[in-house]
$ cat coords26.tsv   # TSV, C-alpha atoms
chain	number	residue	atom	x	y	z
A	1088	MET	CA	-20.61	-7.65	13.68
A	1089	ASP	CA	-22.69	-10.74	12.97
A	1090	GLY	CA	-21.24	-13.28	10.56
A	1091	ALA	CA	-18.56	-12.65	7.97
A	1092	LEU	CA	-17.89	-9.14	6.71
A	1093	ARG	CA	-19.29	-8.87	3.18
A	1094	VAL	CA	-16.61	-7.31	0.99
A	1095	GLY	CA	-16.91	-6.01	-2.55
A	1096	LEU	CA	-13.86	-5.93	-4.79
A	1097	VAL	CA	-13.36	-3.09	-7.25
A	1098	GLY	CA	-10.92	-4.13	-9.96
A	1099	ALA	CA	-10.11	-7.41	-11.69
A	1100	GLY	CA	-6.46	-7.06	-12.69
A	1101	PRO	CA	-3.43	-9.20	-11.73
A	1102	TRP	CA	-3.19	-8.00	-8.10
A	1103	ALA	CA	-6.93	-8.56	-7.59
A	1104	HIS	CA	-6.49	-12.12	-8.92
A	1105	ARG	CA	-3.37	-12.92	-6.92
A	1106	VAL	CA	-4.07	-11.33	-3.55
A	1107	HIS	CA	-7.39	-9.53	-3.01
A	1108	ALA	CA	-9.90	-12.09	-4.30
A	1109	PRO	CA	-8.32	-15.26	-2.85
A	1110	GLY	CA	-7.47	-13.45	0.37
A	1111	LEU	CA	-11.05	-12.29	0.89
A	1112	ARG	CA	-12.44	-15.71	-0.02
A	1113	GLU	CA	-10.10	-17.64	2.27
A	1114	HIS	CA	-10.25	-15.47	5.39
A	1115	PRO	CA	-12.74	-16.86	7.93
A	1116	GLY	CA	-13.96	-13.38	8.85
A	1117	THR	CA	-14.69	-12.08	5.35
A	1118	ARG	CA	-16.78	-13.10	2.36
A	1119	LEU	CA	-16.09	-11.91	-1.15
A	1120	ALA	CA	-19.64	-10.88	-2.02
A	1121	ALA	CA	-19.33	-8.93	-5.27
A	1122	VAL	CA	-16.85	-7.82	-7.92
A	1123	TRP	CA	-17.04	-4.80	-10.19
A	1124	ALA	CA	-14.56	-3.80	-12.88
A	1125	ARG	CA	-14.51	-1.48	-15.87
A	1126	ARG	CA	-14.57	-4.54	-18.11
A	1127	PRO	CA	-17.69	-6.57	-17.23
A	1128	GLU	CA	-16.24	-9.79	-18.63
A	1129	ALA	CA	-13.23	-9.52	-16.32
A	1130	ALA	CA	-15.45	-8.95	-13.29
A	1131	GLU	CA	-17.66	-11.88	-14.24
A	1132	ALA	CA	-14.71	-14.23	-14.63
A	1133	LEU	CA	-13.12	-13.26	-11.31
A	1134	ALA	CA	-16.44	-13.39	-9.47
A	1135	ALA	CA	-17.24	-16.84	-10.86
A	1136	GLU	CA	-13.83	-18.15	-9.85
A	1137	HIS	CA	-14.40	-17.17	-6.22
A	1138	GLY	CA	-18.13	-17.73	-5.78
A	1139	ALA	CA	-19.09	-14.05	-5.79
A	1140	ASP	CA	-21.59	-11.99	-7.77
A	1141	ALA	CA	-20.55	-9.70	-10.60
A	1142	ALA	CA	-22.01	-6.26	-9.94
A	1143	GLY	CA	-23.36	-4.30	-12.89
A	1144	SER	CA	-22.34	-0.95	-11.39
A	1145	VAL	CA	-20.47	0.54	-8.47
A	1146	ASP	CA	-23.76	1.47	-6.82
A	1147	GLU	CA	-24.98	-2.12	-7.13
A	1148	LEU	CA	-21.79	-3.32	-5.46
A	1149	LEU	CA	-22.12	-0.78	-2.64
A	1150	ASP	CA	-25.68	-1.90	-1.95
A	1151	ALA	CA	-24.52	-5.50	-1.48
A	1152	VAL	CA	-21.53	-5.14	0.86
A	1153	ASP	CA	-20.25	-3.88	4.22
A	1154	ALA	CA	-16.74	-3.06	2.98
A	1155	VAL	CA	-14.92	-2.43	-0.29
A	1156	ALA	CA	-11.43	-3.49	-1.35
A	1157	PHE	CA	-9.79	-1.62	-4.22
A	1158	ALA	CA	-7.37	-2.89	-6.88
A	1159	VAL	CA	-7.48	-0.04	-9.39
A	1160	PRO	CA	-5.20	2.83	-10.51
A	1161	PRO	CA	-4.75	5.67	-7.98
A	1162	SER	CA	-6.82	8.21	-9.91
A	1163	VAL	CA	-9.76	5.80	-10.07
A	1164	GLN	CA	-9.46	4.81	-6.41
A	1165	ALA	CA	-9.65	8.43	-5.23
A	1166	GLU	CA	-13.12	8.94	-6.69
A	1167	LEU	CA	-14.63	5.54	-5.90
A	1168	ALA	CA	-13.19	5.20	-2.39
A	1169	THR	CA	-14.64	8.57	-1.45
A	1170	ARG	CA	-18.06	7.39	-2.67
A	1171	ALA	CA	-17.75	4.14	-0.75
A	1172	ALA	CA	-16.74	5.86	2.49
A	1173	ARG	CA	-19.64	8.31	2.22
A	1174	ALA	CA	-21.91	5.28	1.78
A	1175	GLY	CA	-20.63	3.98	5.14
A	1176	LYS	CA	-18.44	1.18	3.79
A	1177	HIS	CA	-15.18	0.13	5.41
A	1178	LEU	CA	-12.20	0.29	3.06
A	1179	VAL	CA	-9.16	-1.70	1.99
A	1180	LEU	CA	-7.13	0.76	-0.09
A	1181	GLU	CA	-4.19	0.38	-2.40
A	1182	LYS	CA	-1.22	2.73	-2.38
A	1183	PRO	CA	-0.90	5.48	-3.25
A	1184	LEU	CA	-4.35	6.61	-2.20
A	1185	ALA	CA	-4.75	8.91	-5.19
A	1186	ALA	CA	-2.95	10.63	-8.04
A	1187	ASP	CA	-2.16	13.68	-5.88
A	1188	PRO	CA	-2.50	14.96	-2.29
A	1189	ALA	CA	-5.85	16.63	-3.03
A	1190	GLY	CA	-7.37	13.30	-4.01
A	1191	ALA	CA	-5.94	11.63	-0.90
A	1192	GLU	CA	-7.29	14.43	1.28
A	1193	GLY	CA	-10.74	13.79	-0.16
A	1194	ILE	CA	-10.62	10.14	0.89
A	1195	VAL	CA	-9.40	11.04	4.37
A	1196	GLN	CA	-12.16	13.59	4.81
A	1197	ALA	CA	-14.84	11.12	3.72
A	1198	VAL	CA	-13.45	8.41	6.01
A	1199	SER	CA	-13.23	10.80	8.96
A	1200	GLU	CA	-16.76	12.08	8.49
A	1201	SER	CA	-18.29	8.61	8.13
A	1202	GLY	CA	-16.26	6.96	10.89
A	1203	VAL	CA	-15.51	3.83	8.86
A	1204	ALA	CA	-12.39	1.71	9.24
A	1205	ALA	CA	-9.88	2.06	6.41
A	1206	LEU	CA	-6.49	0.40	5.92
A	1207	VAL	CA	-3.87	0.85	3.21
A	1208	VAL	CA	-2.27	-2.27	1.69
A	1209	LEU	CA	1.30	-1.46	2.71
A	1210	THR	CA	2.01	-5.15	2.34
A	1211	ARG	CA	5.29	-5.48	4.21
A	1212	ARG	CA	4.05	-3.59	7.27
A	1213	PHE	CA	1.74	-6.54	7.95
A	1214	ALA	CA	4.61	-9.05	7.83
A	1215	PRO	CA	5.64	-10.48	11.24
A	1216	GLU	CA	9.37	-9.94	10.57
A	1217	VAL	CA	8.81	-6.25	9.80
A	1218	ARG	CA	6.64	-5.73	12.87
A	1219	HIS	CA	9.33	-7.40	15.01
A	1220	TRP	CA	12.10	-5.27	13.43
A	1221	LEU	CA	10.23	-2.02	13.99
A	1222	ALA	CA	9.40	-2.95	17.59
A	1223	GLU	CA	13.09	-3.63	18.31
A	1224	LEU	CA	14.11	-0.32	16.74
A	1225	ARG	CA	11.61	1.59	18.88
A	1226	GLU	CA	12.80	-0.19	22.03
A	1227	LEU	CA	16.47	0.61	21.45
A	1228	GLY	CA	16.27	4.12	19.94
A	1229	GLY	CA	19.29	6.20	19.06
A	1230	TRP	CA	19.15	5.62	15.29
A	1231	GLN	CA	20.92	8.26	13.22
A	1232	GLY	CA	20.35	7.09	9.66
A	1233	GLY	CA	19.24	4.36	7.33
A	1234	THR	CA	19.40	2.97	3.83
A	1235	GLY	CA	16.96	1.20	1.57
A	1236	ARG	CA	17.11	-0.54	-1.80
A	1237	TRP	CA	14.06	-1.63	-3.78
A	1238	LEU	CA	15.22	-2.99	-7.13
A	1239	ALA	CA	13.05	-5.18	-9.33
A	1240	GLY	CA	12.21	-5.82	-12.95
A	1241	GLY	CA	8.43	-5.67	-12.75
A	1242	LEU	CA	8.11	-3.07	-15.50
A	1243	LEU	CA	10.30	-5.01	-17.93
A	1244	ALA	CA	8.04	-8.04	-18.31
A	1245	GLY	CA	5.10	-9.80	-16.72
A	1246	ASP	CA	1.55	-8.81	-15.82
A	1247	TYR	CA	2.40	-5.43	-14.33
A	1248	ALA	CA	4.43	-4.35	-17.35
A	1249	ALA	CA	1.11	-3.91	-19.15
A	1250	SER	CA	-0.18	-1.40	-16.59
A	1251	PRO	CA	-0.32	2.08	-18.23
A	1252	TRP	CA	0.01	4.12	-15.03
A	1253	ARG	CA	3.01	2.07	-13.88
A	1254	GLN	CA	4.71	2.61	-17.24
A	1255	GLU	CA	4.60	6.40	-16.89
A	1256	ASP	CA	7.88	8.16	-16.07
A	1257	ASP	CA	7.09	8.24	-12.36
A	1258	GLY	CA	5.39	4.83	-12.29
A	1259	ALA	CA	8.07	3.03	-10.26
A	1260	LEU	CA	8.09	5.78	-7.65
A	1261	VAL	CA	4.31	5.79	-7.39
A	1262	ASP	CA	4.02	1.98	-7.29
A	1263	ALA	CA	6.93	0.77	-5.13
A	1264	GLY	CA	7.81	4.12	-3.57
A	1265	PRO	CA	5.08	4.12	-0.89
A	1266	HIS	CA	6.24	0.73	0.41
A	1267	ALA	CA	9.89	1.76	0.62
A	1268	ILE	CA	9.26	5.26	1.95
A	1269	ASP	CA	6.88	3.86	4.56
A	1270	LEU	CA	9.51	1.47	5.91
A	1271	LEU	CA	12.18	4.18	6.27
A	1272	ASP	CA	9.65	6.55	7.80
A	1273	ALA	CA	8.42	3.94	10.30
A	1274	ALA	CA	11.97	2.97	11.24
A	1275	LEU	CA	13.52	6.43	11.68
A	1276	GLY	CA	10.67	8.85	12.33
A	1277	GLU	CA	8.42	10.91	10.12
A	1278	ILE	CA	10.00	12.18	6.92
A	1279	GLU	CA	9.91	15.97	7.01
A	1280	GLN	CA	12.18	16.87	4.06
A	1281	VAL	CA	13.18	15.52	0.70
A	1282	LEU	CA	16.83	16.60	0.66
A	1283	PHE	CA	17.65	15.17	-2.76
A	1284	ALA	CA	15.74	13.45	-5.55
A	1285	ARG	CA	16.98	12.29	-8.94
A	1286	ARG	CA	15.65	9.90	-11.57
A	1287	ASP	CA	18.03	8.94	-14.36
A	1288	ALA	CA	17.19	8.11	-17.96
A	1289	HIS	CA	16.78	4.42	-17.08
A	1290	GLY	CA	14.19	5.04	-14.36
A	1291	LEU	CA	16.56	4.63	-11.38
A	1292	TRP	CA	15.65	6.86	-8.44
A	1293	GLN	CA	18.14	8.11	-5.84
A	1294	LEU	CA	16.50	9.83	-2.85
A	1295	VAL	CA	17.69	11.38	0.41
A	1296	PHE	CA	15.25	12.11	3.24
A	1297	GLY	CA	15.41	14.15	6.42
A	1298	HIS	CA	13.46	12.71	9.36
A	1299	ARG	CA	11.95	14.32	12.43
A	1300	GLY	CA	14.57	14.14	15.17
A	1301	GLY	CA	17.52	14.62	12.83
A	1302	ALA	CA	18.06	11.23	11.20
A	1303	THR	CA	18.66	10.97	7.46
A	1304	SER	CA	18.09	8.11	5.05
A	1305	THR	CA	18.82	7.17	1.46
A	1306	LEU	CA	16.68	5.14	-0.93
A	1307	THR	CA	17.57	3.58	-4.29
A	1308	LEU	CA	14.52	2.46	-6.23
A	1309	SER	CA	13.74	1.04	-9.66
A	1310	LEU	CA	11.34	-1.42	-11.27
A	1311	ARG	CA	13.49	-1.69	-14.42
A	1312	VAL	CA	16.45	-3.69	-13.12
A	1313	PRO	CA	16.55	-7.29	-14.39
A	1314	VAL	CA	17.08	-9.03	-11.05
A	1315	GLN	CA	15.30	-12.17	-9.92
A	1316	PRO	CA	14.28	-12.34	-7.17
A	1317	SER	CA	13.81	-8.67	-6.41
A	1318	LEU	CA	16.47	-6.99	-4.31
A	1319	VAL	CA	14.71	-5.40	-1.34
A	1320	ASP	CA	16.75	-4.57	1.75
A	1321	PHE	CA	16.69	-1.97	4.53
A	1322	ALA	CA	18.93	-1.14	7.47
A	1323	VAL	CA	19.31	1.56	10.10
A	1324	TYR	CA	22.41	2.53	12.03
A	1325	GLY	CA	23.33	4.53	15.09
A	1326	GLU	CA	24.65	4.18	18.63
A	1327	HIS	CA	23.70	0.48	18.72
A	1328	GLY	CA	25.46	-0.35	15.48
A	1329	CYS	CA	23.60	-1.48	12.36
A	1330	ALA	CA	20.19	-3.17	12.43
A	1331	PRO	CA	19.22	-4.68	9.07
A	1332	LEU	CA	15.76	-5.92	8.23
A	1333	GLY	CA	16.15	-9.69	7.86
A	1334	SER	CA	16.01	-11.37	4.48
A	1335	ARG	CA	12.86	-13.36	5.28
A	1336	ARG	CA	9.85	-12.10	3.31
A	1337	THR	CA	6.40	-13.26	4.34
A	1338	ALA	CA	4.23	-13.98	1.30
A	1339	ALA	CA	1.84	-11.24	0.19
A	1340	ARG	CA	-1.22	-13.42	0.80
A	1341	GLU	CA	-0.22	-13.99	4.44
A	1342	CYS	CA	0.39	-10.26	4.90
A	1343	TYR	CA	-3.04	-9.58	3.40
A	1344	ALA	CA	-4.63	-12.01	5.87
A	1345	ASN	CA	-2.97	-10.11	8.71
A	1346	LEU	CA	-4.36	-6.86	7.30
A	1347	LEU	CA	-7.84	-8.35	7.27
A	1348	ASP	CA	-7.37	-9.48	10.89
A	1349	ASP	CA	-6.63	-5.87	11.82
A	1350	LEU	CA	-9.52	-4.48	9.78
A	1351	LEU	CA	-12.00	-6.86	11.40
A	1352	ALA	CA	-10.71	-5.92	14.85
A	1353	MET	CA	-11.17	-2.23	14.02
A	1354	VAL	CA	-14.72	-2.83	12.80
A	1355	ARG	CA	-15.56	-4.93	15.86
A	1356	ASP	CA	-14.15	-2.38	18.33
A	1357	GLY	CA	-15.34	0.73	16.50
A	1358	ARG	CA	-11.75	1.99	16.05
A	1359	THR	CA	-10.45	4.03	13.14
A	1360	GLY	CA	-6.81	4.56	14.13
A	1361	HIS	CA	-4.04	2.24	12.90
A	1362	PRO	CA	-0.38	2.65	11.83
A	1363	CYS	CA	-1.47	1.95	8.22
A	1364	ASP	CA	-4.74	3.87	8.15
A	1365	VAL	CA	-5.75	6.56	5.63
A	1366	ARG	CA	-3.86	9.28	7.48
A	1367	ARG	CA	-0.71	7.25	6.92
A	1368	GLY	CA	-1.65	7.04	3.27
A	1369	LEU	CA	-2.05	10.81	3.08
A	1370	HIS	CA	1.37	11.36	4.66
A	1371	LEU	CA	3.01	9.08	2.09
A	1372	GLN	CA	1.13	10.84	-0.71
A	1373	ARG	CA	2.56	14.16	0.43
A	1374	VAL	CA	6.09	12.73	0.57
A	1375	LEU	CA	5.67	11.47	-3.01
A	1376	ALA	CA	4.57	14.95	-4.07
A	1377	ASP	CA	7.63	16.47	-2.38
A	1378	VAL	CA	9.89	13.99	-4.19
A	1379	LEU	CA	8.40	14.99	-7.55
A	1380	LYS	CA	8.92	18.68	-6.73
A	1381	ALA	CA	12.53	18.11	-5.67
A	1382	ARG	CA	13.73	15.95	-8.58
$ encode --input "coords26.tsv" --output "structure tokens"
Amino acid sequence: MDGALRVGLVGAGPWAHRVHAPGLREHPGTRLAAVWARRPEAAEALAAEHGADAAGSVDELLDAVDAVAFAVPPSVQAELATRAARAGKHLVLEKPLAADPAGAEGIVQAVSESGVAALVVLTRRFAPEVRHWLAELRELGGWQGGTGRWLAGGLLAGDYAASPWRQEDDGALVDAGPHAIDLLDAALGEIEQVLFARRDAHGLWQLVFGHRGGATSTLTLSLRVPVQPSLVDFAVYGEHGCAPLGSRRTAARECYANLLDDLLAMVRDGRTGHPCDVRRGLHLQRVLADVLKAR
């Protein structure tokens, strides 16, 4: 790979403004080359802010870049990411991959056939403290169960409260669920069963998972609890006692920079496998579908 990786950004909403665009501009190995969004004026404003071009169409963006980062609703990402992968572009994908497992399977198939690198923005998995925690858990072993809480007020007020897909009945599960489920799954082994799932009238989810190897875990999740800052904590327990994930939280922009480091290494080495690649995204999509069936 000669020079910086030229990346196109699809989407111009709050997350694109806060993380994707500045992250791509600031990383020494990437260049934000083009922006496309459904609203041309939004794409033009974001592109101008970061020294990029505003693309007039998705095809125009694809012609100008080596990779594409997505900051759009899941149903939109499924279609456009498949097109980008078939055009030979590396991908930075949001979670969940799609609106349903079929859409996620389409992305995975396109990525597999084209051989491009593709990572999912499971933000906390790229945080040093989470990587250290998971490495310690793997070294010790013997974990029998775990708990997680992800409680925030993001759907009550603020930029994301205006997002239609997040405001749907299952919006909190679809938005924050992949992050929380991914952490429990990575800590205790692959989730094979949804043993219990309930969402109350206030949007509070209570979930129980069964993991490969026999461990179980519980997750409480909501984006309609007025807490500031958000309450996000995880712990596992077993023959070595209890191992909580520390309270330190690396900023999203730093996590995104670490993701780009990994993507660039994959592109350079011609690798497609990674703990947060599209196959991971498909697994999480299937767990979400199982939760919705079990509720």
$ residues_around --input "coords26.tsv" --residues "Ala1099 of chain A" --least-positions-apart "5" --cutoff "6 Å" --atoms "all atoms listed in the file" --output "list in words"
Ala1124, Ala1129 and Ala1130 of chain A
$ write_last_selection --input "coords26.tsv" --atoms "C-alpha atoms" --output "PDB file, keeping the file's coordinate frame"
ATOM      1  CA  ALA A1124     -14.560  -3.800 -12.880  1.00  0.00           C
ATOM      2  CA  ALA A1129     -13.230  -9.520 -16.320  1.00  0.00           C
ATOM      3  CA  ALA A1130     -15.450  -8.950 -13.290  1.00  0.00           C
TER       4      ALA A1130
END
$ residues_around --input "coords26.tsv" --residues "Trp1252 of chain A" --least-positions-apart "4" --cutoff "9 Å" --atoms "all atoms listed in the file" --output "PyMOL selection string"
chain A and resi 1160-1161+1256-1258+1261-1262
$ write_last_selection --input "coords26.tsv" --atoms "C-alpha atoms" --output "CSV table (one decimal), in the coordinates of the input"
chain,number,residue,atom,x,y,z
A,1160,PRO,CA,-5.2,2.8,-10.5
A,1161,PRO,CA,-4.8,5.7,-8.0
A,1256,ASP,CA,7.9,8.2,-16.1
A,1257,ASP,CA,7.1,8.2,-12.4
A,1258,GLY,CA,5.4,4.8,-12.3
A,1261,VAL,CA,4.3,5.8,-7.4
A,1262,ASP,CA,4.0,2.0,-7.3
$ residues_around --input "coords26.tsv" --residues "Leu1242 of chain A" --least-positions-apart "4" --cutoff "7 Å" --atoms "all atoms listed in the file" --output "list in words"
Tyr1247, Ala1248, Gln1254, Leu1310 and Arg1311 of chain A
$ closest_atom_pairs --input "coords26.tsv" --of "segment 1224-1316 of chain A" --to "segment 1177-1183 of chain A" --cutoff "12 Å" --atoms "all atoms listed in the file" --output "tab-separated table"
residue	atom	partner	partner_atom	distance
A:Trp1252	CA	A:Pro1183	CA	11.9
A:Arg1253	CA	A:Pro1183	CA	11.8
A:Gly1258	CA	A:Pro1183	CA	11.0
A:Ala1259	CA	A:Pro1183	CA	11.6
A:Leu1260	CA	A:Pro1183	CA	10.0
A:Val1261	CA	A:Pro1183	CA	6.7
A:Asp1262	CA	A:Lys1182	CA	7.2
A:Ala1263	CA	A:Lys1182	CA	8.8
A:Gly1264	CA	A:Pro1183	CA	8.8
A:Pro1265	CA	A:Pro1183	CA	6.6
A:His1266	CA	A:Lys1182	CA	8.2
A:Ala1267	CA	A:Lys1182	CA	11.5
A:Ile1268	CA	A:Pro1183	CA	11.4
A:Asp1269	CA	A:Lys1182	CA	10.7
$ write_last_selection --input "coords26.tsv" --atoms "C-alpha atoms" --output "tab-separated table (two decimals), in the frame of the given file"
chain	number	residue	atom	x	y	z
A	1252	TRP	CA	0.01	4.12	-15.03
A	1253	ARG	CA	3.01	2.07	-13.88
A	1258	GLY	CA	5.39	4.83	-12.29
A	1259	ALA	CA	8.07	3.03	-10.26
A	1260	LEU	CA	8.09	5.78	-7.65
A	1261	VAL	CA	4.31	5.79	-7.39
A	1262	ASP	CA	4.02	1.98	-7.29
A	1263	ALA	CA	6.93	0.77	-5.13
A	1264	GLY	CA	7.81	4.12	-3.57
A	1265	PRO	CA	5.08	4.12	-0.89
A	1266	HIS	CA	6.24	0.73	0.41
A	1267	ALA	CA	9.89	1.76	0.62
A	1268	ILE	CA	9.26	5.26	1.95
A	1269	ASP	CA	6.88	3.86	4.56
$ residues_near_point --input "coords26.tsv" --point "(8.6, -4.6, 9.4)" --cutoff "12 Å" --atoms "all atoms listed in the file" --output "ChimeraX atom specification"
/A:1209-1225,1266-1267,1269-1274,1320-1322,1331-1337,1342,1362
$ closest_residue --input "coords26.tsv" --among "A:Gly1190, A:Ala1156, A:Leu1206, A:Phe1296" --to "Asn1345 of chain A" --atoms "all atoms listed in the file"
A:Leu1206
$ residues_around --input "coords26.tsv" --residues "Ala1134 of chain A" --least-positions-apart "2" --cutoff "10 Å" --atoms "all atoms listed in the file" --output "JSON list (two decimals) with C-alpha atoms, in the coordinates of the input"
[["chain", "number", "residue", "atom", "x", "y", "z"],
["A", 1096, "LEU", "CA", -13.86, -5.93, -4.79],
["A", 1099, "ALA", "CA", -10.11, -7.41, -11.69],
["A", 1108, "ALA", "CA", -9.90, -12.09, -4.30],
["A", 1119, "LEU", "CA", -16.09, -11.91, -1.15],
["A", 1120, "ALA", "CA", -19.64, -10.88, -2.02],
["A", 1121, "ALA", "CA", -19.33, -8.93, -5.27],
["A", 1122, "VAL", "CA", -16.85, -7.82, -7.92],
["A", 1123, "TRP", "CA", -17.04, -4.80, -10.19],
["A", 1128, "GLU", "CA", -16.24, -9.79, -18.63],
["A", 1129, "ALA", "CA", -13.23, -9.52, -16.32],
["A", 1130, "ALA", "CA", -15.45, -8.95, -13.29],
["A", 1131, "GLU", "CA", -17.66, -11.88, -14.24],
["A", 1132, "ALA", "CA", -14.71, -14.23, -14.63],
["A", 1136, "GLU", "CA", -13.83, -18.15, -9.85],
["A", 1137, "HIS", "CA", -14.40, -17.17, -6.22],
["A", 1138, "GLY", "CA", -18.13, -17.73, -5.78],
["A", 1139, "ALA", "CA", -19.09, -14.05, -5.79],
["A", 1140, "ASP", "CA", -21.59, -11.99, -7.77],
["A", 1141, "ALA", "CA", -20.55, -9.70, -10.60],
["A", 1142, "ALA", "CA", -22.01, -6.26, -9.94]]
$ atom_distance --input "coords26.tsv" --atom1 "atom CA of Glu1226 of chain A" --atom2 "atom CA of Arg1366 of chain A"
24.1 Å
$ atom_distance --input "coords26.tsv" --atom1 "atom CA of Ala1197 of chain A" --atom2 "atom CA of Ala1165 of chain A"
10.7 Å
